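File shown: query.txt. Contents: compact mmCIF, C-alpha atoms.
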# COMPACT_ATOMS: atom_id res chain seq x y z
CA MET M 15 -2.72 -1.71 28.32
CA LYS M 16 -0.03 -2.49 25.81
CA HIS M 17 -1.33 -3.95 22.59
CA THR M 18 0.72 -6.84 21.38
CA LEU M 19 -0.36 -9.17 18.62
CA THR M 20 -1.24 -12.84 18.76
CA PRO M 21 0.68 -15.24 16.47
CA ALA M 22 -2.40 -15.51 14.19
CA ARG M 23 -2.33 -11.73 13.70
CA TYR M 24 1.37 -11.74 12.87
CA LEU M 25 0.45 -14.31 10.22
CA ILE M 26 -2.07 -11.82 8.76
CA LEU M 27 0.69 -9.16 8.61
CA LEU M 28 2.97 -11.70 6.95
CA ALA M 29 0.20 -12.32 4.40
CA VAL M 30 -0.03 -8.53 3.81
CA MET M 31 3.72 -8.46 3.02
CA LEU M 32 3.86 -11.58 0.89
CA THR M 33 0.62 -11.39 -1.10
CA ALA M 34 1.26 -7.81 -2.28
CA SER M 35 4.83 -8.42 -3.36
CA VAL M 36 4.44 -11.91 -4.83
CA GLY M 37 1.19 -10.78 -6.52
CA ASP M 38 2.94 -7.80 -8.13
CA THR M 39 5.85 -9.98 -9.25
CA LEU M 40 3.51 -12.58 -10.82
CA LEU M 41 1.54 -9.81 -12.52
CA SER M 42 4.73 -8.27 -13.90
CA HIS M 43 5.95 -11.69 -15.12
CA GLY M 44 2.59 -12.35 -16.82
CA MET M 45 2.41 -8.90 -18.42
CA SER M 46 5.93 -9.26 -19.82
CA GLN M 47 4.64 -12.38 -21.63
CA VAL M 48 1.54 -10.54 -22.88
CA GLY M 49 3.54 -7.58 -24.23
CA PRO M 50 2.98 -3.82 -24.08
CA VAL M 51 -0.65 -2.67 -23.91
CA SER M 52 -1.35 0.68 -25.59
CA ILE M 53 -4.42 2.88 -25.25
CA HIS M 54 -5.46 1.86 -28.80
CA HIS M 55 -5.26 -1.86 -28.09
CA LEU M 56 -7.08 -2.17 -24.77
CA GLY M 57 -8.51 -5.48 -26.03
CA LEU M 58 -5.12 -6.95 -25.21
CA LEU M 59 -6.05 -6.55 -21.51
CA LEU M 60 -8.74 -9.22 -22.04
CA VAL M 61 -6.09 -11.53 -23.49
CA ALA M 62 -3.95 -10.77 -20.44
CA MET M 63 -6.79 -11.93 -18.19
CA LYS M 64 -6.34 -15.44 -19.65
CA ASN M 65 -2.65 -15.60 -18.75
CA PRO M 66 -2.21 -17.96 -15.75
CA TRP M 67 0.48 -15.70 -14.20
CA VAL M 68 -1.85 -12.69 -14.42
CA ILE M 69 -4.74 -14.69 -12.92
CA ALA M 70 -2.52 -15.89 -10.06
CA GLY M 71 -1.26 -12.32 -9.52
CA ILE M 72 -4.78 -10.85 -9.36
CA THR M 73 -5.90 -13.62 -6.98
CA LEU M 74 -3.00 -12.81 -4.64
CA LEU M 75 -3.75 -9.07 -4.82
CA ILE M 76 -7.38 -9.72 -3.81
CA GLY M 77 -5.95 -11.75 -0.91
CA PHE M 78 -3.70 -8.77 -0.11
CA PHE M 79 -6.62 -6.35 0.11
CA ALA M 80 -8.58 -8.74 2.36
CA SER M 81 -5.66 -9.24 4.75
CA TYR M 82 -4.77 -5.50 4.68
CA LEU M 83 -8.33 -4.57 5.69
CA THR M 84 -8.35 -7.26 8.38
CA ALA M 85 -5.09 -5.86 9.80
CA LEU M 86 -6.49 -2.31 9.75
CA SER M 87 -9.51 -3.50 11.75
CA TRP M 88 -7.30 -4.26 14.79
CA ALA M 89 -4.11 -2.24 14.27
CA ASP M 90 -3.18 1.39 13.60
CA LEU M 91 -2.48 2.56 10.03
CA THR M 92 0.98 3.73 11.11
CA PHE M 93 1.62 0.20 12.43
CA VAL M 94 0.41 -1.64 9.31
CA LEU M 95 1.99 0.64 6.66
CA PRO M 96 5.65 -0.21 7.38
CA SER M 97 4.81 -3.87 6.88
CA THR M 98 3.34 -3.10 3.45
CA ALA M 99 6.64 -1.35 2.67
CA PHE M 100 8.41 -4.55 3.63
CA GLY M 101 6.76 -5.95 0.52
CA TYR M 102 9.18 -3.84 -1.57
CA VAL M 103 12.03 -5.74 0.07
CA VAL M 104 10.40 -9.06 -0.86
CA VAL M 105 9.93 -7.84 -4.47
CA ALA M 106 13.61 -6.89 -4.67
CA LEU M 107 14.72 -10.24 -3.26
CA LEU M 108 12.36 -12.11 -5.63
CA ALA M 109 13.76 -10.07 -8.53
CA LYS M 110 17.26 -11.12 -7.50
CA PHE M 111 16.76 -14.80 -6.78
CA TRP M 112 13.91 -15.65 -9.18
CA GLN M 113 14.29 -13.23 -12.10
CA HIS M 114 18.09 -13.00 -11.59
CA GLU M 115 18.16 -9.19 -11.71
CA THR M 116 21.14 -7.49 -10.11
CA ILE M 117 20.58 -5.36 -7.04
CA SER M 118 22.69 -2.22 -6.77
CA LEU M 119 24.35 -1.03 -3.59
CA SER M 120 21.80 1.78 -3.13
CA ARG M 121 18.97 -0.79 -3.35
CA TRP M 122 20.61 -2.97 -0.69
CA LEU M 123 20.85 0.17 1.46
CA GLY M 124 17.16 0.87 0.80
CA ILE M 125 16.30 -2.71 1.83
CA LEU M 126 18.30 -2.27 5.04
CA LEU M 127 16.49 1.02 5.88
CA ILE M 128 13.04 -0.51 5.35
CA VAL M 129 13.92 -3.55 7.49
CA CYS M 130 15.08 -1.17 10.27
CA GLY M 131 11.90 0.92 9.85
CA VAL M 132 9.70 -2.15 10.23
CA GLY M 133 11.76 -3.30 13.21
CA PHE M 134 11.14 0.05 14.95
CA VAL M 135 7.34 -0.27 14.99
CA ALA M 136 7.10 -4.06 15.25
CA ASN M 137 8.06 -4.03 18.92
CA GLY M 138 5.72 -1.19 19.90
CA PRO M 139 2.00 -1.15 20.65
CA SER M 140 -0.12 -1.97 17.59
CA LEU M 141 -3.21 0.06 18.49
CA THR M 142 -3.79 3.49 20.03
CA GLU M 143 -5.96 3.21 23.11
CA HIS M 144 -8.83 5.72 23.09
CA PRO M 145 -10.93 6.18 26.19
CA ASP M 146 -14.35 5.08 24.98
CA PRO M 147 -17.13 6.60 27.13
CA ALA M 148 -19.61 3.88 26.16
CA VAL M 149 -17.26 1.13 27.32
CA LEU M 150 -16.40 2.97 30.56
CA LYS M 151 -20.09 3.39 31.39
CA ALA M 152 -20.83 -0.26 30.79
CA LYS M 153 -18.29 -1.29 33.42
CA PRO M 154 -19.71 -1.63 36.93
CA MET K 18 10.60 6.73 -34.68
CA THR K 19 7.54 9.00 -34.66
CA ALA K 20 6.42 7.21 -31.51
CA LEU K 21 9.76 7.95 -29.87
CA VAL K 22 9.57 11.65 -30.80
CA LEU K 23 5.98 11.82 -29.60
CA GLN K 24 6.95 10.16 -26.34
CA HIS K 25 9.73 12.70 -25.93
CA VAL K 26 7.33 15.60 -26.49
CA LEU K 27 4.75 14.09 -24.13
CA LYS K 28 7.35 13.60 -21.42
CA GLN K 29 8.11 17.29 -21.21
CA ALA K 30 5.97 18.45 -18.33
CA SER K 31 7.13 21.60 -16.56
CA ALA K 32 8.48 21.32 -13.03
CA ALA K 33 5.26 22.81 -11.63
CA GLU K 34 3.10 20.34 -13.58
CA THR K 35 5.32 17.44 -12.54
CA TRP K 36 5.04 18.23 -8.84
CA ALA K 37 1.33 19.02 -9.09
CA ALA K 38 0.76 15.59 -10.64
CA ILE K 39 2.95 13.79 -8.07
CA SER K 40 1.29 15.66 -5.16
CA THR K 41 -2.16 14.74 -6.48
CA VAL K 42 -1.16 11.06 -6.57
CA ALA K 43 0.13 11.25 -2.99
CA LEU K 44 -2.79 13.30 -1.63
CA THR K 45 -5.44 10.99 -3.08
CA ALA K 46 -3.47 7.95 -1.87
CA VAL K 47 -3.31 9.39 1.68
CA ALA K 48 -7.04 10.20 1.56
CA GLY K 49 -7.73 6.62 0.44
CA ASP K 50 -5.59 5.09 3.21
CA ILE K 51 -7.00 7.33 5.95
CA LEU K 52 -10.62 6.78 4.87
CA THR K 53 -10.27 2.98 4.65
CA ALA K 54 -8.35 2.82 7.95
CA GLY K 55 -10.97 5.08 9.60
CA ALA K 56 -13.75 2.91 8.20
CA MET K 57 -12.13 -0.28 9.54
CA ARG K 58 -11.71 1.36 12.95
CA ARG K 59 -15.44 2.21 13.00
CA ILE K 60 -16.51 -1.22 11.77
CA GLY K 61 -14.43 -2.87 14.46
CA ASP K 62 -12.41 -6.07 14.74
CA LEU K 63 -13.09 -8.13 11.58
CA ASP K 64 -11.99 -11.34 13.34
CA LEU K 65 -14.82 -10.87 15.85
CA ILE K 66 -17.37 -10.00 13.14
CA ARG K 67 -16.34 -13.09 11.16
CA ALA K 68 -16.64 -15.28 14.24
CA LYS K 69 -20.16 -13.94 14.82
CA SER K 70 -21.67 -13.63 11.35
CA GLY K 71 -19.23 -15.45 9.07
CA LEU K 72 -17.26 -14.20 6.06
CA PRO K 73 -20.39 -12.91 4.22
CA GLY K 74 -21.25 -10.85 7.30
CA ALA K 75 -17.74 -9.39 7.42
CA ILE K 76 -17.81 -8.57 3.69
CA LYS K 77 -21.24 -6.95 4.11
CA ALA K 78 -20.01 -4.84 7.03
CA VAL K 79 -17.05 -3.56 4.98
CA ILE K 80 -18.88 -2.95 1.68
CA GLY K 81 -21.79 -1.31 3.50
CA SER K 82 -19.56 1.43 4.93
CA PRO K 83 -19.78 4.69 2.90
CA MET K 84 -16.45 5.78 4.38
CA PHE K 85 -14.80 2.61 3.05
CA LEU K 86 -16.33 3.12 -0.42
CA LEU K 87 -15.11 6.73 -0.43
CA GLY K 88 -11.64 5.44 0.50
CA VAL K 89 -11.62 2.90 -2.32
CA GLY K 90 -12.81 5.67 -4.67
CA SER K 91 -9.84 7.83 -3.57
CA MET K 92 -7.48 4.90 -4.14
CA ALA K 93 -8.89 4.47 -7.65
CA VAL K 94 -8.45 8.19 -8.41
CA SER K 95 -4.87 7.92 -7.10
CA PHE K 96 -4.19 4.90 -9.32
CA PHE K 97 -5.45 6.59 -12.49
CA THR K 98 -3.63 9.83 -11.61
CA LEU K 99 -0.46 7.75 -11.24
CA LEU K 100 -1.05 6.21 -14.68
CA PHE K 101 -1.46 9.69 -16.14
CA THR K 102 1.59 10.99 -14.25
CA LEU K 103 3.73 8.10 -15.52
CA SER K 104 2.85 9.12 -19.09
CA VAL K 105 4.30 12.61 -18.62
CA VAL K 106 6.93 12.17 -15.86
CA ASP K 107 9.77 9.63 -15.70
CA VAL K 108 8.92 6.59 -13.60
CA SER K 109 12.24 6.91 -11.73
CA LEU K 110 11.01 10.24 -10.31
CA ALA K 111 7.23 9.76 -10.14
CA ALA K 112 7.10 6.37 -8.41
CA PRO K 113 9.51 6.96 -5.48
CA ALA K 114 8.46 10.61 -5.01
CA SER K 115 4.76 9.77 -4.76
CA ALA K 116 5.43 6.71 -2.55
CA ALA K 117 7.65 8.74 -0.20
CA MET K 118 5.13 11.60 0.03
CA THR K 119 2.38 9.06 0.73
CA TYR K 120 4.31 7.50 3.65
CA ILE K 121 5.11 10.80 5.31
CA GLY K 122 1.63 12.19 4.55
CA ASN K 123 0.03 9.11 6.10
CA ALA K 124 2.00 9.50 9.33
CA PHE K 125 0.80 13.13 9.69
CA ALA K 126 -2.77 12.36 8.60
CA ALA K 127 -3.02 9.31 10.92
CA LYS K 128 -1.98 11.55 13.83
CA PHE K 129 -4.43 14.35 13.05
CA PHE K 130 -7.43 12.57 11.54
CA LEU K 131 -7.31 9.10 13.12
CA ARG K 132 -5.79 10.39 16.40
CA GLU K 133 -3.22 7.63 16.31
CA ASN K 134 -0.42 7.84 18.80
CA VAL K 135 2.45 8.48 16.37
CA ASP K 136 5.30 8.36 18.87
CA ARG K 137 9.00 8.87 18.20
CA ARG K 138 9.37 5.21 17.29
CA ARG K 139 6.76 5.51 14.52
CA TRP K 140 8.19 8.81 13.17
CA ILE K 141 11.62 7.20 12.90
CA SER K 142 10.06 4.21 11.21
CA ALA K 143 8.20 6.43 8.70
CA ALA K 144 11.43 8.32 7.94
CA PHE K 145 13.45 5.10 7.48
CA VAL K 146 10.79 3.52 5.27
CA THR K 147 10.50 6.69 3.15
CA ALA K 148 14.27 6.88 2.66
CA GLY K 149 14.37 3.15 1.93
CA VAL K 150 11.63 3.37 -0.70
CA ILE K 151 13.47 6.25 -2.44
CA LEU K 152 16.72 4.25 -2.50
CA LEU K 153 14.96 1.09 -3.67
CA ALA K 154 13.34 2.86 -6.63
CA LYS K 155 16.65 4.34 -7.83

Would you write the structure of this file as structure tokens?
Amino acid sequence: MKHTLTPARYLILLAVMLTASVGDTLLSHGMSQVGPVSIHHLGLLLVAMKNPWVIAGITLLIGFFASYLTALSWADLTFVLPSTAFGYVVVALLAKFWQHETISLSRWLGILLIVCGVGFVANGPSLTEHPDPAVLKAKP
Amino acid sequence: MTALVLQHVLKQASAAETWAAISTVALTAVAGDILTAGAMRRIGDLDLIRAKSGLPGAIKAVIGSPMFLLGVGSMAVSFFTLLFTLSVVDVSLAAPASAAMTYIGNAFAAKFFLRENVDRRRWISAAFVTAGVILLAK
């Protein structure tokens, strides 16, 4: 049996990609407002927790972990991981269009490679089928 | 000025130390990924569990798995090792090198420990993603 995903499950994978990358970007934006935290001024981390960007970033990262675990419960690790890498592409594009950073040629090439890598697994089966003796026995 | 000098001194890890630190980050990250993925495989489809016993039931099933907790512990160790590594190795080397080693390591570990069917398609994907991550971090 070939495992293909339902639209709802593709939405979970989309959430894995977006929440990780947008969460990281929000966190980075918030921390740049807070300023550098050194080992001697860890109290600053508590101040950072009051920054709305940092709060939004942490909320999204919790959402990431929940959707990542959900995806791992019905898909192989080697199927889910490339989609987490796709998050790097989203971060780069956000950096370009939101933070107006420039993207070098080698980064564009990196983006292209990751997109190809994700494309390779996306069409294949999402879960390895293991013959489960308990299930086989239960069948008449 | 003193801070700059100190930073310079701190950043001089030998090649062996650098790669030991980066490999530790990658190894603990792979262990974390494999343990959490293995735990989720044992727990079963979270969508089904949620349909049967709600979100609290699903959370309980995940948190109650020792394998999952061990995985999260490995991820935490990996995170703090990365923080330490970044204080002695340049981020432009440490971040892409550890990420790339983690991707390749995960493909091997998923094949041997999780018995996933890593076919040619998935190997190519892992190679492309690894190369892409290295280029992106440049």

Quiz item: Any idea what the distance is between atom CA of Leu127 of chain M and atom CA of Phe125 of chain K?
Solution: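 Taking atom CA of Leu127 of chain M as the start and atom CA of Phe125 of chain K as the end point, the length is 20.2 Å.
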
Self-check item: atom CA of Lys128 of chain K to atom CA of Ala37 of chain K, distance in Å rounded to a single decimal
Solution: 24.3 Å

Show me which bits of chain M are within 10 Å of chain K, counting all atoms listed in the file, as a PDB file with C-alpha atoms, keeping the file's coordinate frame.
ATOM      1  CA  ARG M  23      -2.330 -11.730  13.700  1.00  0.00           C
ATOM      2  CA  ALA M  80      -8.580  -8.740   2.360  1.00  0.00           C
ATOM      3  CA  TYR M  82      -4.770  -5.500   4.680  1.00  0.00           C
ATOM      4  CA  LEU M  83      -8.330  -4.570   5.690  1.00  0.00           C
ATOM      5  CA  THR M  84      -8.350  -7.260   8.380  1.00  0.00           C
ATOM      6  CA  ALA M  85      -5.090  -5.860   9.800  1.00  0.00           C
ATOM      7  CA  LEU M  86      -6.490  -2.310   9.750  1.00  0.00           C
ATOM      8  CA  SER M  87      -9.510  -3.500  11.750  1.00  0.00           C
ATOM      9  CA  TRP M  88      -7.300  -4.260  14.790  1.00  0.00           C
ATOM     10  CA  ALA M  89      -4.110  -2.240  14.270  1.00  0.00           C
ATOM     11  CA  ASP M  90      -3.180   1.390  13.600  1.00  0.00           C
ATOM     12  CA  LEU M  91      -2.480   2.560  10.030  1.00  0.00           C
ATOM     13  CA  THR M  92       0.980   3.730  11.110  1.00  0.00           C
ATOM     14  CA  PHE M  93       1.620   0.200  12.430  1.00  0.00           C
ATOM     15  CA  VAL M  94       0.410  -1.640   9.310  1.00  0.00           C
ATOM     16  CA  LEU M  95       1.990   0.640   6.660  1.00  0.00           C
ATOM     17  CA  PRO M  96       5.650  -0.210   7.380  1.00  0.00           C
ATOM     18  CA  SER M  97       4.810  -3.870   6.880  1.00  0.00           C
ATOM     19  CA  ALA M  99       6.640  -1.350   2.670  1.00  0.00           C
ATOM     20  CA  PHE M 100       8.410  -4.550   3.630  1.00  0.00           C
ATOM     21  CA  TYR M 102       9.180  -3.840  -1.570  1.00  0.00           C
ATOM     22  CA  VAL M 103      12.030  -5.740   0.070  1.00  0.00           C
ATOM     23  CA  ALA M 106      13.610  -6.890  -4.670  1.00  0.00           C
ATOM     24  CA  ILE M 117      20.580  -5.360  -7.040  1.00  0.00           C
ATOM     25  CA  SER M 118      22.690  -2.220  -6.770  1.00  0.00           C
ATOM     26  CA  LEU M 119      24.350  -1.030  -3.590  1.00  0.00           C
ATOM     27  CA  SER M 120      21.800   1.780  -3.130  1.00  0.00           C
ATOM     28  CA  ARG M 121      18.970  -0.790  -3.350  1.00  0.00           C
ATOM     29  CA  TRP M 122      20.610  -2.970  -0.690  1.00  0.00           C
ATOM     30  CA  LEU M 123      20.850   0.170   1.460  1.00  0.00           C
ATOM     31  CA  GLY M 124      17.160   0.870   0.800  1.00  0.00           C
ATOM     32  CA  ILE M 125      16.300  -2.710   1.830  1.00  0.00           C
ATOM     33  CA  LEU M 126      18.300  -2.270   5.040  1.00  0.00           C
ATOM     34  CA  LEU M 127      16.490   1.020   5.880  1.00  0.00           C
ATOM     35  CA  ILE M 128      13.040  -0.510   5.350  1.00  0.00           C
ATOM     36  CA  VAL M 129      13.920  -3.550   7.490  1.00  0.00           C
ATOM     37  CA  CYS M 130      15.080  -1.170  10.270  1.00  0.00           C
ATOM     38  CA  GLY M 131      11.900   0.920   9.850  1.00  0.00           C
ATOM     39  CA  VAL M 132       9.700  -2.150  10.230  1.00  0.00           C
ATOM     40  CA  GLY M 133      11.760  -3.300  13.210  1.00  0.00           C
ATOM     41  CA  PHE M 134      11.140   0.050  14.950  1.00  0.00           C
ATOM     42  CA  VAL M 135       7.340  -0.270  14.990  1.00  0.00           C
ATOM     43  CA  ALA M 136       7.100  -4.060  15.250  1.00  0.00           C
ATOM     44  CA  ASN M 137       8.060  -4.030  18.920  1.00  0.00           C
ATOM     45  CA  GLY M 138       5.720  -1.190  19.900  1.00  0.00           C
ATOM     46  CA  PRO M 139       2.000  -1.150  20.650  1.00  0.00           C
ATOM     47  CA  SER M 140      -0.120  -1.970  17.590  1.00  0.00           C
ATOM     48  CA  LEU M 141      -3.210   0.060  18.490  1.00  0.00           C
ATOM     49  CA  THR M 142      -3.790   3.490  20.030  1.00  0.00           C
ATOM     50  CA  GLU M 143      -5.960   3.210  23.110  1.00  0.00           C
ATOM     51  CA  HIS M 144      -8.830   5.720  23.090  1.00  0.00           C
TER      52      HIS M 144
END

Quiz item: Using only C-alpha atoms, which residues sit within 8 Å of segment 62-70 of chain M once same-chain residues fewer than 4 positions away are excluded, as a list in words?
Solution: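 What passes the distance filter is Gly37, Leu40, Leu41, Ser42, His43, Gly44, Met45, Val48, Leu58 and Leu74 of chain M.
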
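The interatomic distance for the pair atom CA of Phe101 of chain K and atom CA of Val89 of chain K works out to 18.4 Å.
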
Self-check item: Test item: residues at most 9 Å from Leu32 of chain M, all atoms listed in the file, excluding those fewer than 6 positions along its chain, as a list in words
Solution: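 The filter keeps Leu74, Phe78, Thr98, Phe100, Gly101, Val104 and Val105 of chain M.
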
Atom completion result for segment 111-146 of chain K (N, CA and C atoms) as a PDB file, keeping the file's coordinate frame:
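selection-v2.pdb written:
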ATOM      1  N   ALA K 111       8.620   9.767 -10.580  1.00  0.00           N
ATOM      2  CA  ALA K 111       7.230   9.760 -10.140  1.00  0.00           C
ATOM      3  C   ALA K 111       6.948   8.681  -9.090  1.00  0.00           C
ATOM      4  N   ALA K 112       7.444   7.463  -9.316  1.00  0.00           N
ATOM      5  CA  ALA K 112       7.100   6.370  -8.410  1.00  0.00           C
ATOM      6  C   ALA K 112       7.663   6.567  -6.996  1.00  0.00           C
ATOM      7  N   PRO K 113       9.003   6.778  -6.848  1.00  0.00           N
ATOM      8  CA  PRO K 113       9.510   6.960  -5.480  1.00  0.00           C
ATOM      9  C   PRO K 113       9.023   8.246  -4.831  1.00  0.00           C
ATOM     10  N   ALA K 114       8.882   9.338  -5.615  1.00  0.00           N
ATOM     11  CA  ALA K 114       8.460  10.610  -5.010  1.00  0.00           C
ATOM     12  C   ALA K 114       7.044  10.493  -4.471  1.00  0.00           C
ATOM     13  N   SER K 115       6.138   9.876  -5.248  1.00  0.00           N
ATOM     14  CA  SER K 115       4.760   9.770  -4.760  1.00  0.00           C
ATOM     15  C   SER K 115       4.680   8.794  -3.597  1.00  0.00           C
ATOM     16  N   ALA K 116       5.454   7.684  -3.651  1.00  0.00           N
ATOM     17  CA  ALA K 116       5.430   6.710  -2.550  1.00  0.00           C
ATOM     18  C   ALA K 116       5.951   7.345  -1.263  1.00  0.00           C
ATOM     19  N   ALA K 117       7.061   8.111  -1.385  1.00  0.00           N
ATOM     20  CA  ALA K 117       7.650   8.740  -0.200  1.00  0.00           C
ATOM     21  C   ALA K 117       6.699   9.766   0.397  1.00  0.00           C
ATOM     22  N   MET K 118       6.071  10.599  -0.478  1.00  0.00           N
ATOM     23  CA  MET K 118       5.130  11.600   0.030  1.00  0.00           C
ATOM     24  C   MET K 118       3.926  10.936   0.680  1.00  0.00           C
ATOM     25  N   THR K 119       3.516   9.778   0.145  1.00  0.00           N
ATOM     26  CA  THR K 119       2.380   9.060   0.730  1.00  0.00           C
ATOM     27  C   THR K 119       2.717   8.559   2.134  1.00  0.00           C
ATOM     28  N   TYR K 120       3.931   8.015   2.325  1.00  0.00           N
ATOM     29  CA  TYR K 120       4.310   7.500   3.650  1.00  0.00           C
ATOM     30  C   TYR K 120       4.336   8.594   4.706  1.00  0.00           C
ATOM     31  N   ILE K 121       5.015   9.704   4.359  1.00  0.00           N
ATOM     32  CA  ILE K 121       5.110  10.800   5.310  1.00  0.00           C
ATOM     33  C   ILE K 121       3.725  11.414   5.550  1.00  0.00           C
ATOM     34  N   GLY K 122       2.973  11.623   4.443  1.00  0.00           N
ATOM     35  CA  GLY K 122       1.630  12.190   4.550  1.00  0.00           C
ATOM     36  C   GLY K 122       0.727  11.337   5.425  1.00  0.00           C
ATOM     37  N   ASN K 123       0.849  10.014   5.291  1.00  0.00           N
ATOM     38  CA  ASN K 123       0.030   9.110   6.100  1.00  0.00           C
ATOM     39  C   ASN K 123       0.345   9.222   7.588  1.00  0.00           C
ATOM     40  N   ALA K 124       1.628   9.391   7.913  1.00  0.00           N
ATOM     41  CA  ALA K 124       2.000   9.500   9.330  1.00  0.00           C
ATOM     42  C   ALA K 124       1.361  10.755   9.935  1.00  0.00           C
ATOM     43  N   PHE K 125       1.421  11.894   9.197  1.00  0.00           N
ATOM     44  CA  PHE K 125       0.800  13.130   9.690  1.00  0.00           C
ATOM     45  C   PHE K 125      -0.724  12.978   9.765  1.00  0.00           C
ATOM     46  N   ALA K 126      -1.316  12.453   8.673  1.00  0.00           N
ATOM     47  CA  ALA K 126      -2.770  12.360   8.600  1.00  0.00           C
ATOM     48  C   ALA K 126      -3.305  11.379   9.650  1.00  0.00           C
ATOM     49  N   ALA K 127      -2.565  10.289   9.916  1.00  0.00           N
ATOM     50  CA  ALA K 127      -3.020   9.310  10.920  1.00  0.00           C
ATOM     51  C   ALA K 127      -3.028   9.965  12.295  1.00  0.00           C
ATOM     52  N   LYS K 128      -2.047  10.859  12.535  1.00  0.00           N
ATOM     53  CA  LYS K 128      -1.980  11.550  13.830  1.00  0.00           C
ATOM     54  C   LYS K 128      -3.156  12.517  13.976  1.00  0.00           C
ATOM     55  N   PHE K 129      -3.426  13.302  12.918  1.00  0.00           N
ATOM     56  CA  PHE K 129      -4.430  14.350  13.050  1.00  0.00           C
ATOM     57  C   PHE K 129      -5.862  13.884  12.808  1.00  0.00           C
ATOM     58  N   PHE K 130      -6.060  12.975  11.851  1.00  0.00           N
ATOM     59  CA  PHE K 130      -7.430  12.570  11.540  1.00  0.00           C
ATOM     60  C   PHE K 130      -7.844  11.313  12.295  1.00  0.00           C
ATOM     61  N   LEU K 131      -6.937  10.350  12.436  1.00  0.00           N
ATOM     62  CA  LEU K 131      -7.310   9.100  13.120  1.00  0.00           C
ATOM     63  C   LEU K 131      -6.930   9.150  14.595  1.00  0.00           C
ATOM     64  N   ARG K 132      -6.252  10.227  15.011  1.00  0.00           N
ATOM     65  CA  ARG K 132      -5.790  10.390  16.400  1.00  0.00           C
ATOM     66  C   ARG K 132      -4.936   9.211  16.856  1.00  0.00           C
ATOM     67  N   GLU K 133      -4.115   8.716  15.920  1.00  0.00           N
ATOM     68  CA  GLU K 133      -3.220   7.630  16.310  1.00  0.00           C
ATOM     69  C   GLU K 133      -2.049   8.207  17.085  1.00  0.00           C
ATOM     70  N   ASN K 134      -1.559   7.400  18.004  1.00  0.00           N
ATOM     71  CA  ASN K 134      -0.420   7.840  18.800  1.00  0.00           C
ATOM     72  C   ASN K 134       0.866   7.605  18.008  1.00  0.00           C
ATOM     73  N   VAL K 135       1.229   8.622  17.172  1.00  0.00           N
ATOM     74  CA  VAL K 135       2.450   8.480  16.370  1.00  0.00           C
ATOM     75  C   VAL K 135       3.612   8.948  17.237  1.00  0.00           C
ATOM     76  N   ASP K 136       4.209   8.004  17.951  1.00  0.00           N
ATOM     77  CA  ASP K 136       5.300   8.360  18.870  1.00  0.00           C
ATOM     78  C   ASP K 136       6.623   8.421  18.096  1.00  0.00           C
ATOM     79  N   ARG K 137       7.707   8.685  18.856  1.00  0.00           N
ATOM     80  CA  ARG K 137       9.000   8.870  18.200  1.00  0.00           C
ATOM     81  C   ARG K 137       9.375   7.628  17.389  1.00  0.00           C
ATOM     82  N   ARG K 138       9.068   6.462  17.942  1.00  0.00           N
ATOM     83  CA  ARG K 138       9.370   5.210  17.290  1.00  0.00           C
ATOM     84  C   ARG K 138       8.729   5.140  15.887  1.00  0.00           C
ATOM     85  N   ARG K 139       7.460   5.587  15.807  1.00  0.00           N
ATOM     86  CA  ARG K 139       6.760   5.510  14.520  1.00  0.00           C
ATOM     87  C   ARG K 139       7.238   6.582  13.537  1.00  0.00           C
ATOM     88  N   TRP K 140       7.621   7.777  14.060  1.00  0.00           N
ATOM     89  CA  TRP K 140       8.190   8.810  13.170  1.00  0.00           C
ATOM     90  C   TRP K 140       9.482   8.303  12.565  1.00  0.00           C
ATOM     91  N   ILE K 141      10.343   7.715  13.402  1.00  0.00           N
ATOM     92  CA  ILE K 141      11.620   7.200  12.900  1.00  0.00           C
ATOM     93  C   ILE K 141      11.356   6.133  11.845  1.00  0.00           C
ATOM     94  N   SER K 142      10.390   5.266  12.149  1.00  0.00           N
ATOM     95  CA  SER K 142      10.060   4.210  11.210  1.00  0.00           C
ATOM     96  C   SER K 142       9.599   4.785   9.872  1.00  0.00           C
ATOM     97  N   ALA K 143       8.702   5.814   9.938  1.00  0.00           N
ATOM     98  CA  ALA K 143       8.200   6.430   8.700  1.00  0.00           C
ATOM     99  C   ALA K 143       9.350   7.040   7.912  1.00  0.00           C
ATOM    100  N   ALA K 144      10.295   7.692   8.621  1.00  0.00           N
ATOM    101  CA  ALA K 144      11.430   8.320   7.940  1.00  0.00           C
ATOM    102  C   ALA K 144      12.321   7.260   7.286  1.00  0.00           C
ATOM    103  N   PHE K 145      12.614   6.179   8.020  1.00  0.00           N
ATOM    104  CA  PHE K 145      13.450   5.100   7.480  1.00  0.00           C
ATOM    105  C   PHE K 145      12.807   4.468   6.249  1.00  0.00           C
ATOM    106  N   VAL K 146      11.495   4.181   6.373  1.00  0.00           N
ATOM    107  CA  VAL K 146      10.790   3.520   5.270  1.00  0.00           C
ATOM    108  C   VAL K 146      10.783   4.432   4.041  1.00  0.00           C
TER     109      VAL K 146
END
